[in-house]
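Novice: So that we are looking at the same thing, I have put the structure below in structure tokens.
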Amino acid sequence: VGDNADQCEDQAGTIETLGCVDSDLDGWADILDTWPNNGEAWSDGDVDNYTDQPGLDFSDDCPSQPGNSSITMKGCKDMDGDGIPDILDPDADGDGIFNTWEYQMDPVTDPFNASQTPADNDKDGVPDFFDEDDDNDGFPDDVEEQRGSDPFDANSDPLEEYGGGTFYVPGEGFSSQYNPDGIELSLGAFLNLLSSEFLAPLLIAPMTIYLMLAKKRRYKRIKNEIENADDLTQLEETEEEIDDLIGSNKLKIPHALLLRNILERQQDEFRGLTSTTGSVDQSMSKDLPEIARTAIPPPSKQPPPPSSPPKSTTGTVGKDGYEYTKWPADSSTQWYRLAGSNAEWKKWG
């Protein structure tokens with residue numbers, strides 16, 4: 001009667017189930033129980049065959065959202081049907097491109113729409129935007145761009161552009177495959193070297209060595225000319241040559257200084273001068289007057305000035321009847337004596 005009326009008059013049931021059969025005795029009549037033979041499960045609110053009751057092998061991890069995921073989380077959305085829920089699937093739409101990659105595309109492609117996929121020239125699953133070898137020919141795109149081959153054409157590579165070639169890898173041998181650790185032996189590599197910035201040092205180095213050796217040879221030649229000169233005229237000509245070579249940067253400065261030193265000594269010898277006594281060279285003295293053959297005496301030493309003004313020193317007479325002067329004359333030391341006395345000077349203070 002009323003709310004307790006028997007809902008299943010032809011079945012034997014309990015009051016709790018309103019007279020209907022409850023086969024698994026979970027308190028839910030079989031006609032309302034999604035799993036009438038499982039006493040731990042009875043409802044499936046989103047109708048995806050995963051129970052709303054927790055703690056079971058088939059409990060729904062997304063009870064308010066129908067889904068068919070079966071890995072890690074059950075009963076959640078799985079648009080590509082791979083068993084992994086979309087919220088955990090690195091490739092939710094199953095187009096072979098990671099969600100994170102699709103988000104970074106320019107323009108962005110939808111990671112939840114398998115019909116939108118970024119360009120992938122070689123179909124290797126790596127978008128061209130991230131792929132370092134877009135045509136999958138073994139040569140990185142940057143190498144192909146540098147060498148002039150097409151990075152999107154597997155039939156175009158740096159070796160084939162100029163008739164083939166090979167790579168030599170020390171310890172491994174030769175290979176036709178690109179190897180960043182190998183040495184490329186091909187016409188293309190040679191032409192690339194000619195156009196590279198590394199060629200300049202290779203060309204400059206021999207030229208620099210040649211110029212250095214040329215300067216050294218020039219230094220030796222001039223040194224020999226100085227040492228074997230016959231007269232001062234020849235030395236003067238050599239000196240002019242040294243000046244010209246310095247001005248044209250054809251002689252190292254240290255070499256030039258050494259040559260000048262040797263030249264000056266040689267000039268002194270021709271002029272008959274010595275470096276120790278200051279006397280005239282005896283080998284040439286026969287052609288000079290007697291006075292020139294006499295050694296020049298060293299200058300005589302001057303005696304130091306007296307410590308006090310001589311009596312003969314005249315000072316300035318003051319109003320006090322004393323005579324004043326400074327000694328030494330360029331100092332500030334004052335001396336005095338009685339005016340007109342011609343006495344010894346006395347130091348002031």
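We label chains A, B, ... in the order they appear in the structure tokens, count residues from 1 in each chain, and number ligands from 1 in the order shown.
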Residues near Thr325 of chain A, anyone? I mean within 10 Å using only C-alpha atoms, not counting same-chain ones fewer than 6 positions away, as an MDAnalysis selection string.
Specialist: chainID A and resid 309 313:317 332:337 345 347:348
Novice: Do you have, as CSV, the list of residues of segment 219-238 of chain A lying at most 12 Å from segment 253-257 of chain A, each with its nearest atom pair and that distance in Å to one decimal, counting only C-alpha atoms and ordered by chain then number?
Specialist:
residue,atom,partner,partner_atom,distance
A:Tyr219,CA,A:His255,CA,6.4
A:Lys220,CA,A:His255,CA,9.2
A:Arg221,CA,A:His255,CA,11.6
A:Ile222,CA,A:Ala256,CA,9.8
A:Lys223,CA,A:His255,CA,9.5
A:Thr238,CA,A:Ala256,CA,11.6
Novice: Can you write out the residues you just picked, keeping C-alpha atoms, as a PDB file, in the first residue's frame?
Specialist:
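Okay, this is what ended up in result39.pdb:
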ATOM      1  CA  TYR A 219     118.816  40.573 -42.507  1.00  0.00           C
ATOM      2  CA  LYS A 220     121.669  38.128 -43.078  1.00  0.00           C
ATOM      3  CA  ARG A 221     122.522  39.693 -46.441  1.00  0.00           C
ATOM      4  CA  ILE A 222     122.695  43.244 -45.073  1.00  0.00           C
ATOM      5  CA  LYS A 223     124.673  42.109 -42.032  1.00  0.00           C
ATOM      6  CA  THR A 238     123.588  50.363 -46.632  1.00  0.00           C
TER       7      THR A 238
END
Novice: Please provide the set of residues having any atom within 12 Å of Pro180 of chain A, restricted to only C-alpha atoms, with same-chain residues fewer than 6 positions apart removed, written as a PDB file with N, CA and C atoms, in the first residue's frame.
Specialist:
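Listing of result28.pdb after writing:
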ATOM      1  N   GLY A 138      69.879  10.466 -44.687  1.00  0.00           N
ATOM      2  CA  GLY A 138      71.083  10.300 -43.878  1.00  0.00           C
ATOM      3  C   GLY A 138      71.899  11.565 -43.723  1.00  0.00           C
ATOM      4  N   PHE A 139      71.591  12.598 -44.518  1.00  0.00           N
ATOM      5  CA  PHE A 139      72.319  13.859 -44.428  1.00  0.00           C
ATOM      6  C   PHE A 139      71.451  14.889 -43.704  1.00  0.00           C
ATOM      7  N   PRO A 140      71.938  15.496 -42.626  1.00  0.00           N
ATOM      8  CA  PRO A 140      71.151  16.519 -41.922  1.00  0.00           C
ATOM      9  C   PRO A 140      70.769  17.662 -42.863  1.00  0.00           C
ATOM     10  N   VAL A 143      73.317  20.442 -43.361  1.00  0.00           N
ATOM     11  CA  VAL A 143      74.434  20.085 -44.234  1.00  0.00           C
ATOM     12  C   VAL A 143      74.004  20.194 -45.695  1.00  0.00           C
ATOM     13  N   PHE A 167      82.869   8.567 -47.247  1.00  0.00           N
ATOM     14  CA  PHE A 167      83.345   9.055 -45.957  1.00  0.00           C
ATOM     15  C   PHE A 167      84.362   8.062 -45.408  1.00  0.00           C
ATOM     16  N   TYR A 168      85.441   8.599 -44.900  1.00  0.00           N
ATOM     17  CA  TYR A 168      86.434   7.744 -44.244  1.00  0.00           C
ATOM     18  C   TYR A 168      86.388   8.016 -42.749  1.00  0.00           C
ATOM     19  N   VAL A 169      86.120   6.955 -41.982  1.00  0.00           N
ATOM     20  CA  VAL A 169      86.070   7.061 -40.527  1.00  0.00           C
ATOM     21  C   VAL A 169      87.279   6.333 -39.962  1.00  0.00           C
ATOM     22  N   PRO A 170      88.190   7.033 -39.301  1.00  0.00           N
ATOM     23  CA  PRO A 170      89.371   6.376 -38.733  1.00  0.00           C
ATOM     24  C   PRO A 170      88.976   5.214 -37.828  1.00  0.00           C
TER      25      PRO A 170
END
Novice: Please provide the set of residues having any atom within 8 Å of Asn342 of chain A, restricted to only C-alpha atoms, with same-chain residues fewer than 4 positions apart removed, written as an mmCIF file with C-alpha atoms, in the first residue's frame.
Specialist:
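Written file, part-v1.cif:
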data_model
loop_
_atom_site.group_PDB
_atom_site.id
_atom_site.type_symbol
_atom_site.label_atom_id
_atom_site.label_comp_id
_atom_site.auth_asym_id
_atom_site.auth_seq_id
_atom_site.Cartn_x
_atom_site.Cartn_y
_atom_site.Cartn_z
ATOM 1 C CA LYS A 311 135.408 86.855 3.333
ATOM 2 C CA SER A 312 135.472 88.547 -0.046
ATOM 3 C CA ARG A 337 128.562 89.707 9.890
ATOM 4 C CA LEU A 338 129.114 93.268 11.096
#
Novice: When you draw a straight line from atom CA of Pro118 of chain A to atom CA of Asn136 of chain A, how long is it in Å?
Specialist: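 Computing it gives 16.8 Å between the two atoms.
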Novice: Leaving out Glu145 of chain A and any residue of its chain fewer than 4 positions from it, which residues lie within 12 Å of it when counting only C-alpha atoms, given as a list in words?
Specialist: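 In the requested format, the answer is Glu132, Asp133, Asp134, Phe139, Pro140, Asp141, Ser149, Asp150, Pro151, Phe152, Asp153, Ser156, Asp157, Pro158 and Asn192 of chain A.
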Novice: Keeping C-alpha atoms for every residue in the selection just given, could you write it to a file as an mmCIF file, in the first residue's frame?
Specialist:
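Contents of out26.cif, as written:
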data_model
loop_
_atom_site.group_PDB
_atom_site.id
_atom_site.type_symbol
_atom_site.label_atom_id
_atom_site.label_comp_id
_atom_site.auth_asym_id
_atom_site.auth_seq_id
_atom_site.Cartn_x
_atom_site.Cartn_y
_atom_site.Cartn_z
ATOM 1 C CA GLU A 132 66.760 17.232 -38.664
ATOM 2 C CA ASP A 133 66.660 15.056 -41.786
ATOM 3 C CA ASP A 134 63.412 15.779 -43.614
ATOM 4 C CA PHE A 139 72.319 13.859 -44.428
ATOM 5 C CA PRO A 140 71.151 16.519 -41.922
ATOM 6 C CA ASP A 141 69.120 19.337 -43.443
ATOM 7 C CA SER A 149 71.353 19.736 -52.219
ATOM 8 C CA ASP A 150 67.586 19.491 -51.597
ATOM 9 C CA PRO A 151 66.826 18.565 -47.951
ATOM 10 C CA PHE A 152 63.326 17.393 -48.989
ATOM 11 C CA ASP A 153 64.476 15.077 -51.797
ATOM 12 C CA SER A 156 69.474 14.641 -53.778
ATOM 13 C CA ASP A 157 72.385 14.615 -51.345
ATOM 14 C CA PRO A 158 75.778 16.363 -51.114
ATOM 15 C CA ASN A 192 82.958 23.631 -50.073
#
Novice: As number ranges by chain, please: the residues near Ile226 of chain A (cut-off 12 Å, only C-alpha atoms, same-chain neighbours under 3 positions excluded).
Specialist: A: 219-223, 229-239, 241-242, 258-267, 269-270
Novice: Could you take the residues named above and write them with N, CA and C atoms, as a short mmCIF file (atom, residue, chain, number, x, y, z; two decimals), in the first residue's frame?
Specialist:
data_model
loop_
_atom_site.label_atom_id
_atom_site.label_comp_id
_atom_site.auth_asym_id
_atom_site.auth_seq_id
_atom_site.Cartn_x
_atom_site.Cartn_y
_atom_site.Cartn_z
N TYR A 219 117.99 40.16 -43.66
CA TYR A 219 118.82 40.57 -42.51
C TYR A 219 120.24 40.02 -42.62
N LYS A 220 120.34 38.74 -42.96
CA LYS A 220 121.67 38.13 -43.08
C LYS A 220 122.48 38.77 -44.20
N ARG A 221 121.81 39.09 -45.31
CA ARG A 221 122.52 39.69 -46.44
C ARG A 221 123.08 41.07 -46.07
N ILE A 222 122.24 41.90 -45.43
CA ILE A 222 122.69 43.24 -45.07
C ILE A 222 123.78 43.18 -44.01
N LYS A 223 123.65 42.27 -43.07
CA LYS A 223 124.67 42.11 -42.03
C LYS A 223 126.02 41.76 -42.67
N ALA A 229 132.05 45.77 -45.65
CA ALA A 229 132.11 47.07 -46.34
C ALA A 229 133.55 47.55 -46.46
N ASP A 230 133.84 48.27 -47.55
CA ASP A 230 135.21 48.75 -47.80
C ASP A 230 135.43 50.17 -47.29
N ASP A 231 134.37 50.96 -47.19
CA ASP A 231 134.54 52.34 -46.77
C ASP A 231 133.23 52.88 -46.20
N LEU A 232 133.29 54.14 -45.74
CA LEU A 232 132.12 54.78 -45.15
C LEU A 232 131.01 55.01 -46.16
N THR A 233 131.38 55.26 -47.40
CA THR A 233 130.37 55.50 -48.44
C THR A 233 129.47 54.28 -48.61
N GLN A 234 130.08 53.13 -48.62
CA GLN A 234 129.31 51.90 -48.76
C GLN A 234 128.40 51.69 -47.55
N LEU A 235 128.89 52.05 -46.37
CA LEU A 235 128.06 51.92 -45.16
C LEU A 235 126.88 52.89 -45.21
N GLU A 236 127.12 54.10 -45.73
CA GLU A 236 126.03 55.07 -45.84
C GLU A 236 124.94 54.57 -46.78
N GLU A 237 125.35 53.93 -47.86
CA GLU A 237 124.37 53.37 -48.80
C GLU A 237 123.57 52.24 -48.13
N THR A 238 124.28 51.45 -47.34
CA THR A 238 123.59 50.36 -46.63
C THR A 238 122.61 50.92 -45.60
N GLU A 239 123.02 52.00 -44.95
CA GLU A 239 122.14 52.63 -43.96
C GLU A 239 120.86 53.14 -44.61
N GLU A 241 119.52 51.91 -47.26
CA GLU A 241 118.72 50.72 -47.61
C GLU A 241 117.96 50.21 -46.40
N ILE A 242 118.60 50.23 -45.23
CA ILE A 242 117.93 49.80 -44.00
C ILE A 242 116.71 50.67 -43.72
N LEU A 258 119.48 45.65 -34.63
CA LEU A 258 120.77 44.94 -34.61
C LEU A 258 121.67 45.42 -35.74
N LEU A 259 121.09 45.59 -36.92
CA LEU A 259 121.88 46.04 -38.06
C LEU A 259 122.43 47.45 -37.83
N ARG A 260 121.62 48.32 -37.26
CA ARG A 260 122.10 49.68 -36.99
C ARG A 260 123.24 49.66 -35.98
N ASN A 261 123.14 48.80 -35.00
CA ASN A 261 124.19 48.70 -34.00
C ASN A 261 125.50 48.23 -34.64
N ILE A 262 125.39 47.21 -35.50
CA ILE A 262 126.58 46.70 -36.20
C ILE A 262 127.14 47.77 -37.13
N LEU A 263 126.25 48.48 -37.82
CA LEU A 263 126.67 49.51 -38.76
C LEU A 263 127.40 50.65 -38.04
N GLU A 264 126.87 51.07 -36.89
CA GLU A 264 127.51 52.16 -36.16
C GLU A 264 128.90 51.76 -35.67
N ARG A 265 129.04 50.53 -35.22
CA ARG A 265 130.37 50.08 -34.79
C ARG A 265 131.34 50.06 -35.96
N GLN A 266 130.83 49.63 -37.11
CA GLN A 266 131.68 49.60 -38.30
C GLN A 266 132.07 51.01 -38.74
N GLN A 267 131.12 51.93 -38.64
CA GLN A 267 131.43 53.32 -38.98
C GLN A 267 132.48 53.89 -38.03
N GLU A 269 134.80 52.29 -36.56
CA GLU A 269 136.10 51.72 -36.92
C GLU A 269 136.71 52.47 -38.11
N PHE A 270 135.86 52.77 -39.09
CA PHE A 270 136.37 53.50 -40.26
C PHE A 270 136.80 54.92 -39.89
#
Novice: Would you compute the distance between atom CA of Ile31 of chain A and atom CA of Lys77 of chain A? Give it in Å to one decimal.
Specialist: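 Taking atom CA of Ile31 of chain A and atom CA of Lys77 of chain A, their separation equals 28.3 Å.
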Novice: Just list as a PyMOL selection string whatever in segment 87-326 of chain A DSSP marks as alpha helix (DSSP H).
Specialist: chain A and resi 99-104+141-147+187-194+199-227+232-247+253-271+290-293
